[in-house]
>>> print(open('target_23.txt').read())   # compact mmCIF, C-alpha atoms
# COMPACT_ATOMS: atom_id res chain seq x y z
CA MET A 60 56.83 -87.54 194.97
CA GLY A 61 60.30 -86.05 194.41
CA PRO A 62 63.09 -85.69 196.95
CA LEU A 63 62.19 -83.59 199.97
CA LYS A 64 64.30 -81.51 202.32
CA PRO A 65 65.58 -83.48 205.31
CA ASP A 66 64.44 -80.97 208.01
CA THR A 67 61.23 -81.59 210.02
CA GLY A 68 60.16 -77.96 210.41
CA ALA A 69 57.07 -76.15 209.20
CA GLU A 70 58.38 -75.90 205.65
CA ARG A 71 58.89 -79.66 205.51
CA MET A 72 55.35 -80.33 206.73
CA THR A 73 53.87 -77.91 204.20
CA GLU A 74 55.92 -79.58 201.49
CA LEU A 75 54.64 -83.02 202.55
CA LEU A 76 51.05 -81.85 202.53
CA ASN A 77 51.53 -80.22 199.12
CA ALA A 78 52.90 -83.52 197.83
CA MET A 79 49.73 -85.28 199.01
CA LYS A 80 47.48 -82.90 197.06
CA SER A 81 47.94 -84.64 193.75
CA ALA A 82 47.96 -88.24 195.00
CA PRO A 83 47.67 -89.95 198.38
CA ASP A 84 51.14 -90.66 199.71
CA GLU A 85 51.28 -92.97 202.71
CA VAL A 86 54.94 -92.22 203.46
CA ALA A 87 54.31 -88.45 203.50
CA PHE A 88 51.18 -88.94 205.58
CA ALA A 89 53.04 -91.14 208.09
CA GLU A 90 55.58 -88.40 208.62
CA LEU A 91 52.83 -85.77 208.98
CA PHE A 92 51.05 -88.04 211.43
CA ARG A 93 54.14 -88.62 213.58
CA PHE A 94 54.75 -84.89 213.71
CA TYR A 95 51.20 -83.57 214.25
CA ALA A 96 49.23 -86.28 216.10
CA PRO A 97 51.00 -85.81 219.46
CA ARG A 98 50.79 -82.02 219.09
CA LEU A 99 47.07 -82.18 218.30
CA LYS A 100 46.45 -84.43 221.28
CA SER A 101 48.34 -82.03 223.55
CA TYR A 102 46.38 -79.10 222.09
CA MET A 103 43.08 -80.86 222.80
CA ARG A 104 44.16 -81.62 226.37
CA LYS A 105 45.02 -77.95 226.89
CA LEU A 106 41.52 -77.06 225.67
CA GLY A 107 40.08 -79.29 228.40
CA ALA A 108 39.41 -82.56 226.57
CA ALA A 109 39.81 -85.79 228.52
CA GLU A 110 42.74 -88.03 227.56
CA ASP A 111 40.63 -90.45 225.50
CA VAL A 112 38.67 -87.67 223.80
CA ALA A 113 41.89 -85.80 222.98
CA GLU A 114 43.34 -88.98 221.44
CA GLU A 115 40.18 -89.57 219.41
CA LEU A 116 40.04 -85.96 218.18
CA ALA A 117 43.71 -86.06 217.13
CA GLN A 118 43.13 -89.32 215.23
CA GLU A 119 39.99 -87.98 213.55
CA ALA A 120 41.73 -84.72 212.59
CA MET A 121 44.57 -86.63 210.96
CA ALA A 122 42.10 -88.89 209.15
CA MET A 123 40.44 -85.77 207.81
CA VAL A 124 43.85 -84.45 206.70
CA TRP A 125 44.27 -87.67 204.71
CA ARG A 126 40.81 -87.38 203.12
CA LYS A 127 41.01 -83.64 202.38
CA ALA A 128 44.67 -83.15 201.51
CA HIS A 129 43.61 -82.17 197.99
CA LEU A 130 41.97 -79.02 199.47
CA PHE A 131 45.15 -77.74 201.10
CA ASP A 132 46.37 -74.39 199.73
CA ALA A 133 49.87 -73.41 200.86
CA ASP A 134 49.23 -69.85 199.62
CA LYS A 135 46.53 -69.41 202.26
CA ALA A 136 48.10 -71.19 205.24
CA GLY A 137 50.93 -73.45 206.30
CA ALA A 138 50.37 -77.12 207.06
CA GLY A 139 50.27 -76.53 210.82
CA THR A 140 47.65 -73.79 210.61
CA TRP A 141 45.52 -75.86 208.27
CA ILE A 142 45.75 -79.05 210.36
CA PHE A 143 45.12 -77.28 213.68
CA SER A 144 42.08 -75.54 212.13
CA ILE A 145 40.67 -78.93 211.20
CA ALA A 146 41.26 -80.19 214.76
CA ARG A 147 39.71 -77.06 216.31
CA ASN A 148 36.61 -77.40 214.13
CA LEU A 149 36.24 -81.07 215.06
CA ARG A 150 36.43 -80.15 218.74
CA ILE A 151 33.74 -77.51 218.27
CA ASP A 152 31.51 -80.06 216.53
CA VAL A 153 31.96 -82.54 219.39
CA PHE A 154 31.22 -79.82 221.95
CA ARG A 155 28.01 -78.85 220.12
CA ARG A 156 26.85 -82.46 219.94
CA GLN A 157 27.42 -82.84 223.68
CA ARG A 158 25.40 -79.72 224.42
CA ARG A 159 22.63 -80.68 222.05
CA PRO A 160 22.48 -84.46 221.93
CA GLU A 161 20.91 -86.06 218.90
CA ILE A 162 17.31 -87.15 219.31
CA GLU A 163 16.76 -90.87 219.18
CA LEU A 164 13.41 -91.60 217.57
CA ASP A 165 13.32 -95.07 219.19
CA ASP A 166 13.38 -93.49 222.66
CA PRO A 167 10.13 -94.46 224.45
CA SER A 168 9.68 -90.87 225.64
CA MET A 169 9.48 -89.80 221.97
CA VAL A 170 6.53 -92.08 221.25
CA GLN A 171 3.31 -90.14 221.07
CA ASP A 172 0.64 -91.12 223.57
CA ASP A 173 -2.47 -92.77 222.24
CA PRO A 174 -5.27 -90.27 221.71
CA LEU A 175 -7.73 -90.00 224.58
CA SER A 176 -11.12 -91.58 224.16
CA PRO A 177 -14.01 -89.11 224.03
CA GLU A 178 -15.01 -90.13 227.57
CA ALA A 179 -11.48 -89.66 228.90
CA GLU A 180 -11.21 -86.29 227.13
CA LEU A 181 -14.50 -85.17 228.69
CA ASP A 182 -13.31 -86.37 232.11
CA HIS A 183 -9.98 -84.60 231.65
CA GLY A 184 -11.76 -81.37 230.70
CA GLN A 185 -14.02 -81.62 233.75
CA GLN A 186 -11.02 -82.18 236.02
CA ALA A 187 -9.23 -79.18 234.52
CA ARG A 188 -12.28 -76.97 235.11
CA ALA A 189 -12.56 -78.24 238.69
CA VAL A 190 -8.90 -77.48 239.35
CA ARG A 191 -9.26 -73.97 237.88
CA ALA A 192 -12.35 -73.37 240.01
CA ALA A 193 -10.53 -74.63 243.13
CA MET A 194 -7.55 -72.45 242.29
CA ALA A 195 -9.86 -69.41 242.06
CA THR A 196 -11.04 -70.03 245.64
CA LEU A 197 -7.50 -69.82 247.05
CA PRO A 198 -6.34 -66.65 248.75
CA GLN A 199 -3.92 -64.74 246.49
CA GLU A 200 -0.81 -65.58 248.55
CA GLN A 201 -1.57 -69.32 248.31
CA ALA A 202 -2.49 -69.14 244.61
CA THR A 203 0.77 -67.38 243.82
CA ILE A 204 2.82 -70.07 245.55
CA VAL A 205 0.88 -72.90 243.84
CA HIS A 206 1.35 -71.19 240.46
CA LEU A 207 5.10 -70.70 240.98
CA TYR A 208 5.58 -74.26 242.20
CA PHE A 209 3.46 -76.20 239.69
CA PHE A 210 3.35 -74.01 236.60
CA GLU A 211 6.79 -72.39 236.73
CA ASP A 212 8.50 -75.40 238.34
CA ARG A 213 10.21 -73.32 241.02
CA PRO A 214 11.56 -74.97 244.18
CA HIS A 215 10.27 -73.86 247.58
CA ALA A 216 13.51 -72.05 248.48
CA GLU A 217 13.43 -70.02 245.26
CA ILE A 218 9.77 -69.09 245.84
CA ALA A 219 10.62 -67.92 249.37
CA GLU A 220 13.46 -65.81 248.05
CA GLN A 221 11.38 -64.36 245.20
CA LEU A 222 8.46 -63.44 247.46
CA GLY A 223 10.68 -62.33 250.34
CA ILE A 224 9.04 -64.65 252.85
CA PRO A 225 10.44 -67.44 255.07
CA LEU A 226 10.69 -70.96 253.62
CA GLY A 227 8.38 -72.27 256.36
CA THR A 228 5.70 -69.79 255.25
CA VAL A 229 5.91 -71.06 251.67
CA LYS A 230 5.46 -74.65 252.89
CA SER A 231 2.60 -73.71 255.21
CA ARG A 232 0.76 -71.84 252.45
CA MET A 233 1.28 -74.78 250.11
CA ARG A 234 -0.14 -77.17 252.74
CA LEU A 235 -3.16 -74.88 253.29
CA ALA A 236 -3.70 -74.68 249.51
CA PHE A 237 -3.71 -78.50 249.29
CA GLN A 238 -6.30 -78.70 252.06
CA ARG A 239 -8.52 -76.25 250.17
CA PHE A 240 -8.02 -78.23 246.95
CA ARG A 241 -9.04 -81.47 248.65
CA LYS A 242 -12.15 -79.85 250.03
CA ALA A 243 -13.06 -78.14 246.76
CA LEU A 244 -12.40 -81.24 244.67
CA GLY A 245 -14.01 -83.62 247.13
CA GLU A 246 -10.87 -85.77 247.43
CA HIS A 247 -9.24 -87.23 250.51
CA GLU A 248 -5.73 -87.12 249.05
CA LEU A 249 -4.01 -85.20 246.28
>>> encode(input="target_23.txt", output="structure tokens")
Amino acid sequence: MGPLKPDTGAERMTELLNAMKSAPDEVAFAELFRFYAPRLKSYMRKLGAAEDVAEELAQEAMAMVWRKAHLFDADKAGAGTWIFSIARNLRIDVFRRQRRPEIELDDPSMVQDDPLSPEAELDHGQQARAVRAAMATLPQEQATIVHLYFFEDRPHAEIAEQLGIPLGTVKSRMRLAFQRFRKALGEHEL
């Protein structure tokens, strides 16, 4: 790497990054790092990242600058624009991973249940038919509440609001529905 201008402005940083295109230069990278790492960290903090996450993102962005310096094109963007784009994209990737965590195949909830035995499957089918038959005997207002609660997973308060009835009425109708279920299914407790 030949002699560089002594200023530390944008031109200097672009010149340093250009110098790294042909061969890794630890001295040039150290200067880029000292200049951009604190700025990247501050940028990440302004975007809402926690202190430790901002530090990690700044470090990772600079590591990527080191690995991908050969891709830098000064005709398309200055060093700052290019480096901050890398940091922004890393932040987006982290945000996406947090919103959609990776699935761990070793997670016990991911293990498929053993298939039911023919007897258990027959029993399960009979229970399902009995529940459907018991549900058919419910008055419409009780059946609606049971459906919303169990099949649409709605809380009592939301059901009351949706149907325009008091919360106590929702709970009473649910209690009456359970009594009918117990009677229809021949159980003492549900």
>>> atom_distance(input="target_23.txt", atom1="atom CA of A:Ala78", atom2="atom CA of A:Lys127")
12.7 Å
>>> residues_around(input="target_23.txt", residues="A:Val124", least_positions_apart="5", cutoff="10 Å", atoms="all atoms listed in the file", output="PDB file with C-alpha atoms, keeping the file's coordinate frame")
ATOM      1  CA  LEU A  76      51.050 -81.850 202.530  1.00  0.00           C
ATOM      2  CA  MET A  79      49.730 -85.280 199.010  1.00  0.00           C
ATOM      3  CA  PHE A  88      51.180 -88.940 205.580  1.00  0.00           C
ATOM      4  CA  LEU A  91      52.830 -85.770 208.980  1.00  0.00           C
ATOM      5  CA  PHE A  92      51.050 -88.040 211.430  1.00  0.00           C
ATOM      6  CA  GLN A 118      43.130 -89.320 215.230  1.00  0.00           C
ATOM      7  CA  GLU A 119      39.990 -87.980 213.550  1.00  0.00           C
ATOM      8  CA  HIS A 129      43.610 -82.170 197.990  1.00  0.00           C
ATOM      9  CA  LEU A 130      41.970 -79.020 199.470  1.00  0.00           C
ATOM     10  CA  PHE A 131      45.150 -77.740 201.100  1.00  0.00           C
ATOM     11  CA  ALA A 138      50.370 -77.120 207.060  1.00  0.00           C
ATOM     12  CA  TRP A 141      45.520 -75.860 208.270  1.00  0.00           C
ATOM     13  CA  ILE A 142      45.750 -79.050 210.360  1.00  0.00           C
ATOM     14  CA  ILE A 145      40.670 -78.930 211.200  1.00  0.00           C
ATOM     15  CA  ALA A 146      41.260 -80.190 214.760  1.00  0.00           C
TER      16      ALA A 146
END
>>> atom_distance(input="target_23.txt", atom1="atom CA of A:Tyr208", atom2="atom CA of A:Lys230")
10.7 Å
>>> atom_distance(input="target_23.txt", atom1="atom CA of A:Gly68", atom2="atom CA of A:Val112")
27.1 Å
>>> residues_around(input="target_23.txt", residues="A:Pro97", least_positions_apart="4", cutoff="9 Å", atoms="all atoms listed in the file", output="PDB file with C-alpha atoms, keeping the file's coordinate frame")
ATOM      1  CA  PHE A  92      51.050 -88.040 211.430  1.00  0.00           C
ATOM      2  CA  ARG A  93      54.140 -88.620 213.580  1.00  0.00           C
ATOM      3  CA  SER A 101      48.340 -82.030 223.550  1.00  0.00           C
ATOM      4  CA  TYR A 102      46.380 -79.100 222.090  1.00  0.00           C
ATOM      5  CA  GLU A 114      43.340 -88.980 221.440  1.00  0.00           C
ATOM      6  CA  ALA A 117      43.710 -86.060 217.130  1.00  0.00           C
TER       7      ALA A 117
END
>>> closest_residue(input="target_23.txt", among="A:Ala187, A:Arg104, A:Pro83, A:Leu222", to="A:Ile204", atoms="only C-alpha atoms")
A:Leu222
>>> closest_residue(input="target_23.txt", among="A:Phe154, A:Phe237, A:Phe94, A:Phe210", to="A:Met121", atoms="all atoms listed in the file")
A:Phe94
>>> closest_residue(input="target_23.txt", among="A:Arg188, A:Lys100, A:Arg213, A:Arg155", to="A:Phe143", atoms="only C-alpha atoms")
A:Lys100
>>> residues_near_point(input="target_23.txt", point="(11.0, -69.8, 252.9)", cutoff="12 Å", atoms="all atoms listed in the file", output="MDAnalysis selection string")
chainID A and resid 204 214:233
>>> closest_residue(input="target_23.txt", among="A:His206, A:Asp182, A:Trp125, A:Gln199", to="A:Val86", atoms="only C-alpha atoms")
A:Trp125
>>> axis_aligned_box(input="target_23.txt", around="stretch 101-120 of chain A", padding_each_side="3 Å", output="AutoDock Vina command-line options")
--center_x 43.5 --center_y -83.8 --center_z 220.6 --size_x 15.7 --size_y 19.4 --size_z 21.9
>>> decode(input="target_23.txt", residues="stretch 199-215 of chain A", atoms="all heavy atoms", output="PDB file, in the first residue's frame")
ATOM      1  N   GLN A 199     -78.205 -22.806  20.976  1.00  0.00           N
ATOM      2  CA  GLN A 199     -77.299 -22.074  20.084  1.00  0.00           C
ATOM      3  C   GLN A 199     -76.396 -21.099  20.828  1.00  0.00           C
ATOM      4  O   GLN A 199     -75.208 -21.021  20.551  1.00  0.00           O
ATOM      5  CB  GLN A 199     -78.103 -21.334  19.008  1.00  0.00           C
ATOM      6  CG  GLN A 199     -77.235 -20.641  17.969  1.00  0.00           C
ATOM      7  CD  GLN A 199     -76.322 -21.604  17.217  1.00  0.00           C
ATOM      8  OE1 GLN A 199     -76.724 -22.688  16.835  1.00  0.00           O
ATOM      9  NE2 GLN A 199     -75.059 -21.225  17.047  1.00  0.00           N
ATOM     10  N   GLU A 200     -76.942 -20.351  21.813  1.00  0.00           N
ATOM     11  CA  GLU A 200     -76.113 -19.364  22.513  1.00  0.00           C
ATOM     12  C   GLU A 200     -74.984 -20.026  23.304  1.00  0.00           C
ATOM     13  O   GLU A 200     -73.891 -19.491  23.417  1.00  0.00           O
ATOM     14  CB  GLU A 200     -76.951 -18.437  23.396  1.00  0.00           C
ATOM     15  CG  GLU A 200     -77.703 -19.097  24.527  1.00  0.00           C
ATOM     16  CD  GLU A 200     -79.115 -19.580  24.148  1.00  0.00           C
ATOM     17  OE1 GLU A 200     -79.541 -19.370  23.004  1.00  0.00           O
ATOM     18  OE2 GLU A 200     -79.766 -20.157  25.028  1.00  0.00           O
ATOM     19  N   GLN A 201     -75.233 -21.227  23.857  1.00  0.00           N
ATOM     20  CA  GLN A 201     -74.178 -21.944  24.574  1.00  0.00           C
ATOM     21  C   GLN A 201     -73.168 -22.546  23.588  1.00  0.00           C
ATOM     22  O   GLN A 201     -71.960 -22.484  23.803  1.00  0.00           O
ATOM     23  CB  GLN A 201     -74.776 -23.047  25.451  1.00  0.00           C
ATOM     24  CG  GLN A 201     -75.558 -22.524  26.638  1.00  0.00           C
ATOM     25  CD  GLN A 201     -76.255 -23.644  27.402  1.00  0.00           C
ATOM     26  OE1 GLN A 201     -76.022 -24.823  27.159  1.00  0.00           O
ATOM     27  NE2 GLN A 201     -77.126 -23.258  28.332  1.00  0.00           N
ATOM     28  N   ALA A 202     -73.662 -23.107  22.497  1.00  0.00           N
ATOM     29  CA  ALA A 202     -72.783 -23.713  21.486  1.00  0.00           C
ATOM     30  C   ALA A 202     -71.841 -22.676  20.887  1.00  0.00           C
ATOM     31  O   ALA A 202     -70.655 -22.954  20.662  1.00  0.00           O
ATOM     32  CB  ALA A 202     -73.616 -24.371  20.390  1.00  0.00           C
ATOM     33  N   THR A 203     -72.349 -21.487  20.661  1.00  0.00           N
ATOM     34  CA  THR A 203     -71.519 -20.416  20.099  1.00  0.00           C
ATOM     35  C   THR A 203     -70.379 -20.079  21.043  1.00  0.00           C
ATOM     36  O   THR A 203     -69.222 -19.945  20.629  1.00  0.00           O
ATOM     37  CB  THR A 203     -72.375 -19.158  19.825  1.00  0.00           C
ATOM     38  OG1 THR A 203     -73.394 -19.504  18.887  1.00  0.00           O
ATOM     39  CG2 THR A 203     -71.533 -18.018  19.286  1.00  0.00           C
ATOM     40  N   ILE A 204     -70.691 -19.952  22.328  1.00  0.00           N
ATOM     41  CA  ILE A 204     -69.664 -19.608  23.317  1.00  0.00           C
ATOM     42  C   ILE A 204     -68.633 -20.729  23.432  1.00  0.00           C
ATOM     43  O   ILE A 204     -67.435 -20.472  23.461  1.00  0.00           O
ATOM     44  CB  ILE A 204     -70.318 -19.282  24.684  1.00  0.00           C
ATOM     45  CG1 ILE A 204     -71.069 -17.949  24.562  1.00  0.00           C
ATOM     46  CG2 ILE A 204     -69.280 -19.242  25.800  1.00  0.00           C
ATOM     47  CD1 ILE A 204     -71.908 -17.585  25.754  1.00  0.00           C
ATOM     48  N   VAL A 205     -69.078 -21.976  23.461  1.00  0.00           N
ATOM     49  CA  VAL A 205     -68.149 -23.114  23.541  1.00  0.00           C
ATOM     50  C   VAL A 205     -67.243 -23.128  22.310  1.00  0.00           C
ATOM     51  O   VAL A 205     -66.023 -23.316  22.416  1.00  0.00           O
ATOM     52  CB  VAL A 205     -68.917 -24.448  23.694  1.00  0.00           C
ATOM     53  CG1 VAL A 205     -67.987 -25.642  23.487  1.00  0.00           C
ATOM     54  CG2 VAL A 205     -69.582 -24.526  25.061  1.00  0.00           C
ATOM     55  N   HIS A 206     -67.837 -22.900  21.137  1.00  0.00           N
ATOM     56  CA  HIS A 206     -67.043 -22.891  19.903  1.00  0.00           C
ATOM     57  C   HIS A 206     -65.985 -21.784  19.948  1.00  0.00           C
ATOM     58  O   HIS A 206     -64.814 -22.031  19.646  1.00  0.00           O
ATOM     59  CB  HIS A 206     -67.949 -22.705  18.681  1.00  0.00           C
ATOM     60  CG  HIS A 206     -67.183 -22.609  17.402  1.00  0.00           C
ATOM     61  ND1 HIS A 206     -66.725 -23.717  16.752  1.00  0.00           N
ATOM     62  CD2 HIS A 206     -66.763 -21.529  16.692  1.00  0.00           C
ATOM     63  CE1 HIS A 206     -66.050 -23.324  15.674  1.00  0.00           C
ATOM     64  NE2 HIS A 206     -66.067 -22.000  15.615  1.00  0.00           N
ATOM     65  N   LEU A 207     -66.391 -20.576  20.323  1.00  0.00           N
ATOM     66  CA  LEU A 207     -65.450 -19.458  20.368  1.00  0.00           C
ATOM     67  C   LEU A 207     -64.333 -19.710  21.380  1.00  0.00           C
ATOM     68  O   LEU A 207     -63.165 -19.405  21.128  1.00  0.00           O
ATOM     69  CB  LEU A 207     -66.180 -18.150  20.706  1.00  0.00           C
ATOM     70  CG  LEU A 207     -67.083 -17.594  19.611  1.00  0.00           C
ATOM     71  CD1 LEU A 207     -67.927 -16.438  20.148  1.00  0.00           C
ATOM     72  CD2 LEU A 207     -66.275 -17.151  18.404  1.00  0.00           C
ATOM     73  N   TYR A 208     -64.682 -20.294  22.505  1.00  0.00           N
ATOM     74  CA  TYR A 208     -63.702 -20.507  23.564  1.00  0.00           C
ATOM     75  C   TYR A 208     -62.725 -21.642  23.222  1.00  0.00           C
ATOM     76  O   TYR A 208     -61.513 -21.480  23.325  1.00  0.00           O
ATOM     77  CB  TYR A 208     -64.408 -20.801  24.889  1.00  0.00           C
ATOM     78  CG  TYR A 208     -63.464 -20.902  26.061  1.00  0.00           C
ATOM     79  CD1 TYR A 208     -62.905 -19.759  26.623  1.00  0.00           C
ATOM     80  CD2 TYR A 208     -63.134 -22.132  26.605  1.00  0.00           C
ATOM     81  CE1 TYR A 208     -62.030 -19.843  27.694  1.00  0.00           C
ATOM     82  CE2 TYR A 208     -62.254 -22.222  27.676  1.00  0.00           C
ATOM     83  CZ  TYR A 208     -61.718 -21.078  28.220  1.00  0.00           C
ATOM     84  OH  TYR A 208     -60.839 -21.160  29.280  1.00  0.00           O
ATOM     85  N   PHE A 209     -63.245 -22.783  22.806  1.00  0.00           N
ATOM     86  CA  PHE A 209     -62.393 -23.954  22.606  1.00  0.00           C
ATOM     87  C   PHE A 209     -61.809 -24.066  21.204  1.00  0.00           C
ATOM     88  O   PHE A 209     -60.690 -24.533  21.032  1.00  0.00           O
ATOM     89  CB  PHE A 209     -63.145 -25.245  22.956  1.00  0.00           C
ATOM     90  CG  PHE A 209     -63.311 -25.435  24.425  1.00  0.00           C
ATOM     91  CD1 PHE A 209     -64.524 -25.186  25.034  1.00  0.00           C
ATOM     92  CD2 PHE A 209     -62.245 -25.836  25.216  1.00  0.00           C
ATOM     93  CE1 PHE A 209     -64.681 -25.337  26.399  1.00  0.00           C
ATOM     94  CE2 PHE A 209     -62.389 -25.991  26.583  1.00  0.00           C
ATOM     95  CZ  PHE A 209     -63.611 -25.738  27.175  1.00  0.00           C
ATOM     96  N   PHE A 210     -62.544 -23.670  20.193  1.00  0.00           N
ATOM     97  CA  PHE A 210     -62.065 -23.867  18.832  1.00  0.00           C
ATOM     98  C   PHE A 210     -61.399 -22.627  18.246  1.00  0.00           C
ATOM     99  O   PHE A 210     -60.576 -22.732  17.351  1.00  0.00           O
ATOM    100  CB  PHE A 210     -63.207 -24.334  17.920  1.00  0.00           C
ATOM    101  CG  PHE A 210     -63.762 -25.670  18.342  1.00  0.00           C
ATOM    102  CD1 PHE A 210     -64.973 -25.760  19.008  1.00  0.00           C
ATOM    103  CD2 PHE A 210     -63.060 -26.834  18.103  1.00  0.00           C
ATOM    104  CE1 PHE A 210     -65.482 -26.984  19.419  1.00  0.00           C
ATOM    105  CE2 PHE A 210     -63.553 -28.064  18.510  1.00  0.00           C
ATOM    106  CZ  PHE A 210     -64.766 -28.140  19.169  1.00  0.00           C
ATOM    107  N   GLU A 211     -61.752 -21.445  18.743  1.00  0.00           N
ATOM    108  CA  GLU A 211     -61.112 -20.225  18.267  1.00  0.00           C
ATOM    109  C   GLU A 211     -60.196 -19.610  19.323  1.00  0.00           C
ATOM    110  O   GLU A 211     -59.615 -18.561  19.094  1.00  0.00           O
ATOM    111  CB  GLU A 211     -62.160 -19.209  17.802  1.00  0.00           C
ATOM    112  CG  GLU A 211     -62.920 -19.682  16.580  1.00  0.00           C
ATOM    113  CD  GLU A 211     -63.850 -18.634  16.011  1.00  0.00           C
ATOM    114  OE1 GLU A 211     -63.629 -17.437  16.259  1.00  0.00           O
ATOM    115  OE2 GLU A 211     -64.801 -19.019  15.309  1.00  0.00           O
ATOM    116  N   ASP A 212     -60.118 -20.274  20.476  1.00  0.00           N
ATOM    117  CA  ASP A 212     -59.202 -19.877  21.550  1.00  0.00           C
ATOM    118  C   ASP A 212     -59.386 -18.419  21.974  1.00  0.00           C
ATOM    119  O   ASP A 212     -58.435 -17.687  22.177  1.00  0.00           O
ATOM    120  CB  ASP A 212     -57.761 -20.131  21.112  1.00  0.00           C
ATOM    121  CG  ASP A 212     -56.812 -20.232  22.300  1.00  0.00           C
ATOM    122  OD1 ASP A 212     -57.267 -20.601  23.392  1.00  0.00           O
ATOM    123  OD2 ASP A 212     -55.614 -19.941  22.121  1.00  0.00           O
ATOM    124  N   ARG A 213     -60.624 -18.022  22.115  1.00  0.00           N
ATOM    125  CA  ARG A 213     -60.930 -16.639  22.516  1.00  0.00           C
ATOM    126  C   ARG A 213     -61.147 -16.590  24.025  1.00  0.00           C
ATOM    127  O   ARG A 213     -61.802 -17.458  24.594  1.00  0.00           O
ATOM    128  CB  ARG A 213     -62.205 -16.145  21.832  1.00  0.00           C
ATOM    129  CG  ARG A 213     -62.200 -16.221  20.329  1.00  0.00           C
ATOM    130  CD  ARG A 213     -61.749 -14.900  19.732  1.00  0.00           C
ATOM    131  NE  ARG A 213     -61.695 -14.950  18.298  1.00  0.00           N
ATOM    132  CZ  ARG A 213     -62.664 -14.550  17.505  1.00  0.00           C
ATOM    133  NH1 ARG A 213     -63.775 -14.064  17.997  1.00  0.00           N
ATOM    134  NH2 ARG A 213     -62.516 -14.620  16.202  1.00  0.00           N
ATOM    135  N   PRO A 214     -60.649 -15.573  24.692  1.00  0.00           N
ATOM    136  CA  PRO A 214     -60.889 -15.433  26.136  1.00  0.00           C
ATOM    137  C   PRO A 214     -62.331 -14.986  26.396  1.00  0.00           C
ATOM    138  O   PRO A 214     -62.994 -14.423  25.517  1.00  0.00           O
ATOM    139  CB  PRO A 214     -59.890 -14.359  26.565  1.00  0.00           C
ATOM    140  CG  PRO A 214     -59.502 -13.645  25.324  1.00  0.00           C
ATOM    141  CD  PRO A 214     -59.722 -14.576  24.181  1.00  0.00           C
ATOM    142  N   HIS A 215     -62.796 -15.226  27.613  1.00  0.00           N
ATOM    143  CA  HIS A 215     -64.178 -14.888  27.972  1.00  0.00           C
ATOM    144  C   HIS A 215     -64.512 -13.423  27.675  1.00  0.00           C
ATOM    145  O   HIS A 215     -65.575 -13.118  27.144  1.00  0.00           O
ATOM    146  CB  HIS A 215     -64.439 -15.180  29.458  1.00  0.00           C
ATOM    147  CG  HIS A 215     -64.465 -16.640  29.775  1.00  0.00           C
ATOM    148  ND1 HIS A 215     -63.913 -17.147  30.924  1.00  0.00           N
ATOM    149  CD2 HIS A 215     -64.964 -17.696  29.109  1.00  0.00           C
ATOM    150  CE1 HIS A 215     -64.076 -18.458  30.958  1.00  0.00           C
ATOM    151  NE2 HIS A 215     -64.697 -18.818  29.857  1.00  0.00           N
TER     152      HIS A 215
END
